[in-house]
file model-v1.txt (compact mmCIF, C-alpha atoms)
# COMPACT_ATOMS: atom_id res chain seq x y z
CA MET D 1 -4.38 13.08 12.99
CA LYS D 2 -6.22 15.20 15.50
CA ILE D 3 -6.13 14.69 19.28
CA SER D 4 -9.51 15.16 20.91
CA LEU D 5 -9.44 17.28 24.02
CA PRO D 6 -11.89 17.19 26.90
CA PRO D 7 -14.56 19.90 27.01
CA HIS D 8 -12.45 22.21 29.19
CA GLY D 9 -9.64 22.27 26.58
CA ARG D 10 -6.78 20.72 28.57
CA PRO D 11 -5.57 17.14 28.11
CA ASN D 12 -6.29 14.70 30.90
CA ARG D 13 -3.35 13.83 33.10
CA VAL D 14 -2.77 10.53 34.80
CA TYR D 15 -0.88 10.96 38.02
CA PRO D 16 1.28 8.19 39.47
CA PRO D 17 -0.17 6.40 42.48
CA GLY D 18 0.70 8.03 45.75
CA THR D 19 2.39 6.34 48.63
CA PRO D 20 0.13 4.99 51.35
CA SER D 21 -0.45 7.59 54.02
CA LEU D 22 -0.43 7.12 57.77
CA HIS D 23 -4.20 7.71 57.81
CA GLY D 24 -4.81 4.80 55.39
CA LEU D 25 -2.57 2.51 57.40
CA ALA D 26 -4.35 3.46 60.64
CA SER D 27 -7.72 2.70 59.01
CA ILE D 28 -6.58 -0.75 57.94
CA ILE D 29 -5.14 -1.53 61.38
CA THR D 30 -8.34 -0.34 63.06
CA GLY D 31 -10.44 -2.56 60.77
CA VAL D 32 -8.27 -5.59 61.51
CA VAL D 33 -8.45 -4.96 65.27
CA VAL D 34 -12.25 -4.59 65.16
CA VAL D 35 -12.69 -7.81 63.16
CA CYS D 36 -10.38 -9.69 65.54
CA ALA D 37 -12.24 -8.33 68.57
CA LEU D 38 -15.58 -9.43 67.09
CA TYR D 39 -14.18 -12.87 66.27
CA PHE D 40 -12.72 -13.52 69.71
CA GLY D 41 -15.66 -11.93 71.55
CA ARG D 42 -18.38 -13.86 69.74
CA GLU D 43 -19.12 -16.06 72.78
CA VAL D 44 -20.22 -12.95 74.66
CA LEU D 45 -21.52 -10.81 71.80
CA ILE D 46 -23.91 -13.34 70.25
CA PRO D 47 -26.10 -13.75 73.39
CA ILE D 48 -26.09 -9.99 73.93
CA THR D 49 -27.14 -9.39 70.33
CA LEU D 50 -29.90 -11.99 70.57
CA SER D 51 -31.20 -10.47 73.81
CA VAL D 52 -31.30 -6.99 72.24
CA LEU D 53 -33.21 -8.35 69.23
CA LEU D 54 -35.62 -10.19 71.52
CA SER D 55 -36.21 -7.02 73.52
CA PHE D 56 -37.05 -5.16 70.30
CA LEU D 57 -39.51 -7.91 69.40
CA LEU D 58 -41.18 -7.94 72.81
CA ALA D 59 -41.31 -4.17 73.38
CA PRO D 60 -44.61 -3.64 71.50
CA LEU D 61 -46.27 -6.40 73.51
CA VAL D 62 -45.03 -4.90 76.78
CA GLN D 63 -46.27 -1.44 75.73
CA SER D 64 -49.73 -2.78 74.84
CA LEU D 65 -49.95 -4.60 78.18
CA ARG D 66 -48.94 -1.40 79.95
CA ARG D 67 -51.77 0.45 78.16
CA LEU D 68 -54.14 -2.07 79.70
CA HIS D 69 -53.13 -0.64 83.08
CA MET D 70 -50.85 -3.48 84.08
CA GLY D 71 -47.64 -2.72 85.89
CA GLN D 72 -44.29 -2.79 84.16
CA LEU D 73 -43.03 -5.93 85.90
CA PRO D 74 -46.18 -8.03 85.22
CA SER D 75 -46.16 -6.85 81.60
CA ILE D 76 -42.57 -7.96 81.18
CA PHE D 77 -43.24 -11.34 82.80
CA ILE D 78 -46.27 -11.96 80.58
CA ALA D 79 -44.31 -10.97 77.45
CA VAL D 80 -41.41 -13.26 78.37
CA LEU D 81 -43.78 -16.14 79.13
CA PHE D 82 -45.49 -15.56 75.78
CA ALA D 83 -42.13 -15.63 73.98
CA LEU D 84 -41.10 -18.78 75.86
CA ALA D 85 -44.41 -20.50 75.06
CA THR D 86 -44.01 -19.57 71.38
CA LEU D 87 -40.48 -20.95 71.27
CA LEU D 88 -41.57 -24.16 72.99
CA ALA D 89 -44.48 -24.59 70.56
CA VAL D 90 -42.18 -24.14 67.55
CA GLY D 91 -39.67 -26.55 69.10
CA GLY D 92 -42.44 -29.09 69.68
CA LEU D 93 -43.57 -28.84 66.06
CA ILE D 94 -40.02 -29.32 64.81
CA GLY D 95 -39.55 -32.27 67.17
CA ALA D 96 -42.77 -33.90 65.95
CA GLN D 97 -41.64 -33.48 62.35
CA LEU D 98 -38.27 -35.06 63.17
CA VAL D 99 -39.95 -38.04 64.85
CA GLN D 100 -42.19 -38.52 61.81
CA LEU D 101 -39.18 -38.24 59.49
CA ALA D 102 -37.27 -40.81 61.55
CA GLY D 103 -40.22 -43.20 61.26
CA ASP D 104 -40.37 -42.80 57.48
CA LEU D 105 -36.59 -43.06 57.03
CA PRO D 106 -36.56 -46.73 55.85
CA GLN D 107 -39.07 -45.87 53.12
CA TYR D 108 -36.92 -42.92 52.03
CA GLN D 109 -33.81 -45.09 52.10
CA VAL D 110 -35.33 -47.59 49.66
CA ALA D 111 -36.47 -44.80 47.33
CA ILE D 112 -33.04 -43.13 47.41
CA GLU D 113 -31.27 -46.44 46.70
CA GLN D 114 -33.56 -47.06 43.71
CA LYS D 115 -32.85 -43.59 42.33
CA ILE D 116 -29.09 -44.05 42.76
CA GLU D 117 -29.27 -47.37 40.88
CA THR D 118 -31.26 -45.72 38.09
CA VAL D 119 -28.73 -42.90 37.79
CA GLN D 120 -25.86 -45.39 37.67
CA GLU D 121 -27.61 -47.41 34.97
CA LYS D 122 -28.31 -44.29 32.90
CA THR D 123 -24.79 -42.84 33.22
CA VAL D 124 -22.15 -45.43 34.04
CA GLY D 125 -23.91 -48.31 32.26
CA ARG D 126 -24.38 -46.31 29.09
CA ALA D 127 -20.87 -44.94 29.25
CA ASP D 128 -19.49 -48.48 29.53
CA SER D 129 -21.48 -49.73 26.54
CA LEU D 130 -20.58 -46.59 24.58
CA MET D 131 -16.88 -47.07 25.32
CA SER D 132 -17.01 -50.73 24.29
CA ARG D 133 -18.77 -49.83 21.01
CA ALA D 134 -16.26 -47.05 20.37
CA ALA D 135 -13.36 -49.44 21.00
CA ALA D 136 -14.86 -52.00 18.63
CA THR D 137 -15.36 -49.33 15.96
CA LEU D 138 -11.80 -48.11 16.35
CA GLN D 139 -10.55 -51.68 16.04
CA ARG D 140 -12.39 -52.06 12.72
CA VAL D 141 -11.36 -48.62 11.37
CA ALA D 142 -7.74 -48.57 12.56
CA PRO D 143 -5.28 -49.92 10.02
CA SER D 144 -3.59 -53.11 11.05
CA LYS D 145 0.11 -53.00 11.71
CA PRO D 146 2.23 -54.61 9.02
CA SER D 147 4.02 -57.66 10.28
CA PRO D 148 7.78 -57.23 10.55
CA PRO D 149 9.75 -59.07 7.86

call {"tool": "encode", "arguments": {"input": "model-v1.txt", "output": "structure tokens"}}
result
Amino acid sequence: MKISLPPHGRPNRVYPPGTPSLHGLASIITGVVVVCALYFGREVLIPITLSVLLSFLLAPLVQSLRRLHMGQLPSIFIAVLFALATLLAVGGLIGAQLVQLAGDLPQYQVAIEQKIETVQEKTVGRADSLMSRAAATLQRVAPSKPSPP
């Protein structure tokens, strides 16, 4: 029986796991503190994050308006009004879709009830008939108990 050695000629050694160091413990504590700070500060951090993202989205529009020799303040106002108009238009479209959906809700309710009944007939109804047939078959196949003397 021959032991195969790695290419460098020495056998591989497996060292026991080391004890956790102070550096590892500090990293874990720092991670926990950061996650807790983000969790408890979400009421403030979410609007700030959204405003930074919105500024990144509107910066190209502001720059193009500035190239058209408009001042910085009018460019910013026009970009913000454009963003607001876009948000209102999207909100209006979503609202119109919701109103249309609310109007068609009785029709959807009838269709959903029919589909639920069909599913119940195909699953529960068949399972009930299958169980009754299986019980009848077992009654025929099962040997009858001998009557006590």

call {"tool": "residues_around", "arguments": {"input": "model-v1.txt", "residues": "Pro60 in chain D", "least_positions_apart": "5", "cutoff": "12 Å", "atoms": "only C-alpha atoms", "output": "list of chain:residue names"}}
result
D:Leu54, D:Ser55, D:Leu65, D:Arg66, D:Arg67, D:Ser75, D:Ile76, D:Ala79

call {"tool": "write_last_selection", "arguments": {"input": "model-v1.txt", "atoms": "C-alpha atoms", "output": "PDB file, in the coordinates of the input"}}
result
ATOM      1  CA  LEU D  54     -35.620 -10.190  71.520  1.00  0.00           C
ATOM      2  CA  SER D  55     -36.210  -7.020  73.520  1.00  0.00           C
ATOM      3  CA  LEU D  65     -49.950  -4.600  78.180  1.00  0.00           C
ATOM      4  CA  ARG D  66     -48.940  -1.400  79.950  1.00  0.00           C
ATOM      5  CA  ARG D  67     -51.770   0.450  78.160  1.00  0.00           C
ATOM      6  CA  SER D  75     -46.160  -6.850  81.600  1.00  0.00           C
ATOM      7  CA  ILE D  76     -42.570  -7.960  81.180  1.00  0.00           C
ATOM      8  CA  ALA D  79     -44.310 -10.970  77.450  1.00  0.00           C
TER       9      ALA D  79
END

call {"tool": "atom_distance", "arguments": {"input": "model-v1.txt", "atom1": "CA of Leu84 in chain D", "atom2": "CA of Leu53 in chain D"}}
result
14.7 Å

call {"tool": "atom_distance", "arguments": {"input": "model-v1.txt", "atom1": "CA of Val34 in chain D", "atom2": "CA of Pro47 in chain D"}}
result
18.5 Å

call {"tool": "atom_distance", "arguments": {"input": "model-v1.txt", "atom1": "CA of Ala85 in chain D", "atom2": "CA of Leu61 in chain D"}}
result
14.3 Å

call {"tool": "axis_aligned_box", "arguments": {"input": "model-v1.txt", "around": "range 132-140 of chain D", "padding_each_side": "6 Å", "output": "lines of an AutoDock Vina configuration file"}}
result
center_x = -14.7
center_y = -49.6
center_z = 18.5
size_x = 20.2
size_y = 17.0
size_z = 23.6

call {"tool": "decode", "arguments": {"input": "model-v1.txt", "residues": "range 6-128 of chain D", "atoms": "C-alpha atoms", "output": "PDB file, in the first residue's frame"}}
result
ATOM      1  CA  PRO D   6       1.481  15.987  -2.994  1.00  0.00           C
ATOM      2  CA  PRO D   7       3.749  17.311  -5.747  1.00  0.00           C
ATOM      3  CA  HIS D   8       6.105  19.048  -3.301  1.00  0.00           C
ATOM      4  CA  GLY D   9       6.839  15.740  -1.510  1.00  0.00           C
ATOM      5  CA  ARG D  10       5.528  16.501   1.984  1.00  0.00           C
ATOM      6  CA  PRO D  11       2.227  15.171   3.351  1.00  0.00           C
ATOM      7  CA  ASN D  12      -0.567  17.663   3.831  1.00  0.00           C
ATOM      8  CA  ARG D  13      -1.234  18.701   7.398  1.00  0.00           C
ATOM      9  CA  VAL D  14      -4.577  19.636   8.833  1.00  0.00           C
ATOM     10  CA  TYR D  15      -4.218  22.151  11.611  1.00  0.00           C
ATOM     11  CA  PRO D  16      -6.782  22.447  14.399  1.00  0.00           C
ATOM     12  CA  PRO D  17      -9.068  25.457  14.198  1.00  0.00           C
ATOM     13  CA  GLY D  18      -7.684  28.502  15.911  1.00  0.00           C
ATOM     14  CA  THR D  19      -9.401  30.447  18.609  1.00  0.00           C
ATOM     15  CA  PRO D  20     -11.344  33.500  17.496  1.00  0.00           C
ATOM     16  CA  SER D  21      -9.156  36.571  17.547  1.00  0.00           C
ATOM     17  CA  LEU D  22     -10.003  40.020  18.823  1.00  0.00           C
ATOM     18  CA  HIS D  23      -9.980  41.305  15.232  1.00  0.00           C
ATOM     19  CA  GLY D  24     -12.672  38.792  14.177  1.00  0.00           C
ATOM     20  CA  LEU D  25     -14.815  39.652  17.179  1.00  0.00           C
ATOM     21  CA  ALA D  26     -14.482  43.384  16.447  1.00  0.00           C
ATOM     22  CA  SER D  27     -15.550  42.777  12.834  1.00  0.00           C
ATOM     23  CA  ILE D  28     -18.663  40.915  13.923  1.00  0.00           C
ATOM     24  CA  ILE D  29     -19.586  43.600  16.471  1.00  0.00           C
ATOM     25  CA  THR D  30     -19.055  46.331  13.876  1.00  0.00           C
ATOM     26  CA  GLY D  31     -21.307  44.500  11.399  1.00  0.00           C
ATOM     27  CA  VAL D  32     -24.041  44.088  13.995  1.00  0.00           C
ATOM     28  CA  VAL D  33     -23.846  47.771  14.974  1.00  0.00           C
ATOM     29  CA  VAL D  34     -24.027  48.889  11.322  1.00  0.00           C
ATOM     30  CA  VAL D  35     -27.042  46.675  10.599  1.00  0.00           C
ATOM     31  CA  CYS D  36     -28.815  47.929  13.742  1.00  0.00           C
ATOM     32  CA  ALA D  37     -28.068  51.549  12.829  1.00  0.00           C
ATOM     33  CA  LEU D  38     -29.471  51.016   9.326  1.00  0.00           C
ATOM     34  CA  TYR D  39     -32.566  49.315  10.735  1.00  0.00           C
ATOM     35  CA  PHE D  40     -33.359  52.003  13.286  1.00  0.00           C
ATOM     36  CA  GLY D  41     -32.416  54.868  10.953  1.00  0.00           C
ATOM     37  CA  ARG D  42     -34.524  53.723   8.012  1.00  0.00           C
ATOM     38  CA  GLU D  43     -37.114  56.490   8.532  1.00  0.00           C
ATOM     39  CA  VAL D  44     -34.414  59.048   7.781  1.00  0.00           C
ATOM     40  CA  LEU D  45     -32.195  57.076   5.409  1.00  0.00           C
ATOM     41  CA  ILE D  46     -34.866  55.978   2.920  1.00  0.00           C
ATOM     42  CA  PRO D  47     -35.919  59.543   1.920  1.00  0.00           C
ATOM     43  CA  ILE D  48     -32.277  60.602   1.715  1.00  0.00           C
ATOM     44  CA  THR D  49     -31.456  57.626  -0.504  1.00  0.00           C
ATOM     45  CA  LEU D  50     -34.441  58.323  -2.751  1.00  0.00           C
ATOM     46  CA  SER D  51     -33.473  61.983  -3.079  1.00  0.00           C
ATOM     47  CA  VAL D  52     -29.902  61.055  -4.048  1.00  0.00           C
ATOM     48  CA  LEU D  53     -31.206  58.609  -6.675  1.00  0.00           C
ATOM     49  CA  LEU D  54     -33.609  61.234  -8.006  1.00  0.00           C
ATOM     50  CA  SER D  55     -30.783  63.763  -8.247  1.00  0.00           C
ATOM     51  CA  PHE D  56     -28.735  61.256 -10.274  1.00  0.00           C
ATOM     52  CA  LEU D  57     -31.708  60.762 -12.589  1.00  0.00           C
ATOM     53  CA  LEU D  58     -32.337  64.481 -13.059  1.00  0.00           C
ATOM     54  CA  ALA D  59     -28.703  65.613 -13.382  1.00  0.00           C
ATOM     55  CA  PRO D  60     -28.468  64.931 -17.153  1.00  0.00           C
ATOM     56  CA  LEU D  61     -31.636  66.936 -17.775  1.00  0.00           C
ATOM     57  CA  VAL D  62     -30.327  69.841 -15.709  1.00  0.00           C
ATOM     58  CA  GLN D  63     -26.994  69.741 -17.576  1.00  0.00           C
ATOM     59  CA  SER D  64     -28.718  69.775 -20.971  1.00  0.00           C
ATOM     60  CA  LEU D  65     -30.892  72.714 -19.913  1.00  0.00           C
ATOM     61  CA  ARG D  66     -27.781  74.544 -18.726  1.00  0.00           C
ATOM     62  CA  ARG D  67     -26.191  73.992 -22.157  1.00  0.00           C
ATOM     63  CA  LEU D  68     -29.177  75.806 -23.628  1.00  0.00           C
ATOM     64  CA  HIS D  69     -27.971  78.880 -21.729  1.00  0.00           C
ATOM     65  CA  MET D  70     -30.546  78.705 -18.966  1.00  0.00           C
ATOM     66  CA  GLY D  71     -29.520  79.527 -15.446  1.00  0.00           C
ATOM     67  CA  GLN D  72     -28.918  76.868 -12.844  1.00  0.00           C
ATOM     68  CA  LEU D  73     -32.004  77.652 -10.765  1.00  0.00           C
ATOM     69  CA  PRO D  74     -34.464  77.678 -13.728  1.00  0.00           C
ATOM     70  CA  SER D  75     -32.915  74.442 -15.005  1.00  0.00           C
ATOM     71  CA  ILE D  76     -33.442  72.776 -11.646  1.00  0.00           C
ATOM     72  CA  PHE D  77     -37.033  74.011 -11.402  1.00  0.00           C
ATOM     73  CA  ILE D  78     -37.849  72.770 -14.907  1.00  0.00           C
ATOM     74  CA  ALA D  79     -36.263  69.364 -14.179  1.00  0.00           C
ATOM     75  CA  VAL D  80     -38.192  69.004 -10.912  1.00  0.00           C
ATOM     76  CA  LEU D  81     -41.446  70.027 -12.599  1.00  0.00           C
ATOM     77  CA  PHE D  82     -40.768  67.489 -15.354  1.00  0.00           C
ATOM     78  CA  ALA D  83     -40.160  64.753 -12.762  1.00  0.00           C
ATOM     79  CA  LEU D  84     -43.307  65.740 -10.863  1.00  0.00           C
ATOM     80  CA  ALA D  85     -45.400  65.751 -14.049  1.00  0.00           C
ATOM     81  CA  THR D  86     -44.042  62.312 -14.965  1.00  0.00           C
ATOM     82  CA  LEU D  87     -44.873  60.915 -11.532  1.00  0.00           C
ATOM     83  CA  LEU D  88     -48.372  62.403 -11.665  1.00  0.00           C
ATOM     84  CA  ALA D  89     -48.959  60.951 -15.142  1.00  0.00           C
ATOM     85  CA  VAL D  90     -47.866  57.479 -14.007  1.00  0.00           C
ATOM     86  CA  GLY D  91     -50.034  57.808 -10.895  1.00  0.00           C
ATOM     87  CA  GLY D  92     -52.996  58.837 -13.039  1.00  0.00           C
ATOM     88  CA  LEU D  93     -52.534  55.819 -15.305  1.00  0.00           C
ATOM     89  CA  ILE D  94     -52.354  53.476 -12.322  1.00  0.00           C
ATOM     90  CA  GLY D  95     -55.438  55.119 -10.804  1.00  0.00           C
ATOM     91  CA  ALA D  96     -57.386  54.727 -14.059  1.00  0.00           C
ATOM     92  CA  GLN D  97     -56.421  51.055 -14.209  1.00  0.00           C
ATOM     93  CA  LEU D  98     -57.573  50.564 -10.608  1.00  0.00           C
ATOM     94  CA  VAL D  99     -60.932  52.221 -11.333  1.00  0.00           C
ATOM     95  CA  GLN D 100     -61.408  49.982 -14.372  1.00  0.00           C
ATOM     96  CA  LEU D 101     -60.452  46.912 -12.325  1.00  0.00           C
ATOM     97  CA  ALA D 102     -62.919  47.883  -9.587  1.00  0.00           C
ATOM     98  CA  GLY D 103     -65.662  48.177 -12.208  1.00  0.00           C
ATOM     99  CA  ASP D 104     -64.897  44.722 -13.614  1.00  0.00           C
ATOM    100  CA  LEU D 105     -64.553  43.103 -10.180  1.00  0.00           C
ATOM    101  CA  PRO D 106     -68.036  41.446 -10.144  1.00  0.00           C
ATOM    102  CA  GLN D 107     -67.264  39.769 -13.479  1.00  0.00           C
ATOM    103  CA  TYR D 108     -63.934  38.522 -12.122  1.00  0.00           C
ATOM    104  CA  GLN D 109     -65.632  37.316  -8.944  1.00  0.00           C
ATOM    105  CA  VAL D 110     -68.050  35.120 -10.906  1.00  0.00           C
ATOM    106  CA  ALA D 111     -65.227  33.685 -13.020  1.00  0.00           C
ATOM    107  CA  ILE D 112     -63.094  32.950  -9.950  1.00  0.00           C
ATOM    108  CA  GLU D 113     -66.012  31.257  -8.160  1.00  0.00           C
ATOM    109  CA  GLN D 114     -66.642  29.054 -11.218  1.00  0.00           C
ATOM    110  CA  LYS D 115     -62.983  28.047 -11.358  1.00  0.00           C
ATOM    111  CA  ILE D 116     -62.933  27.232  -7.639  1.00  0.00           C
ATOM    112  CA  GLU D 117     -66.022  25.031  -8.068  1.00  0.00           C
ATOM    113  CA  THR D 118     -64.401  23.264 -11.015  1.00  0.00           C
ATOM    114  CA  VAL D 119     -61.230  22.616  -9.030  1.00  0.00           C
ATOM    115  CA  GLN D 120     -63.241  21.262  -6.113  1.00  0.00           C
ATOM    116  CA  GLU D 121     -65.201  18.956  -8.415  1.00  0.00           C
ATOM    117  CA  LYS D 122     -62.017  17.684 -10.071  1.00  0.00           C
ATOM    118  CA  THR D 123     -60.112  17.118  -6.811  1.00  0.00           C
ATOM    119  CA  VAL D 124     -62.361  16.702  -3.788  1.00  0.00           C
ATOM    120  CA  GLY D 125     -65.260  15.142  -5.717  1.00  0.00           C
ATOM    121  CA  ARG D 126     -63.030  12.598  -7.400  1.00  0.00           C
ATOM    122  CA  ALA D 127     -61.188  11.871  -4.183  1.00  0.00           C
ATOM    123  CA  ASP D 128     -64.501  11.197  -2.430  1.00  0.00           C
TER     124      ASP D 128
END
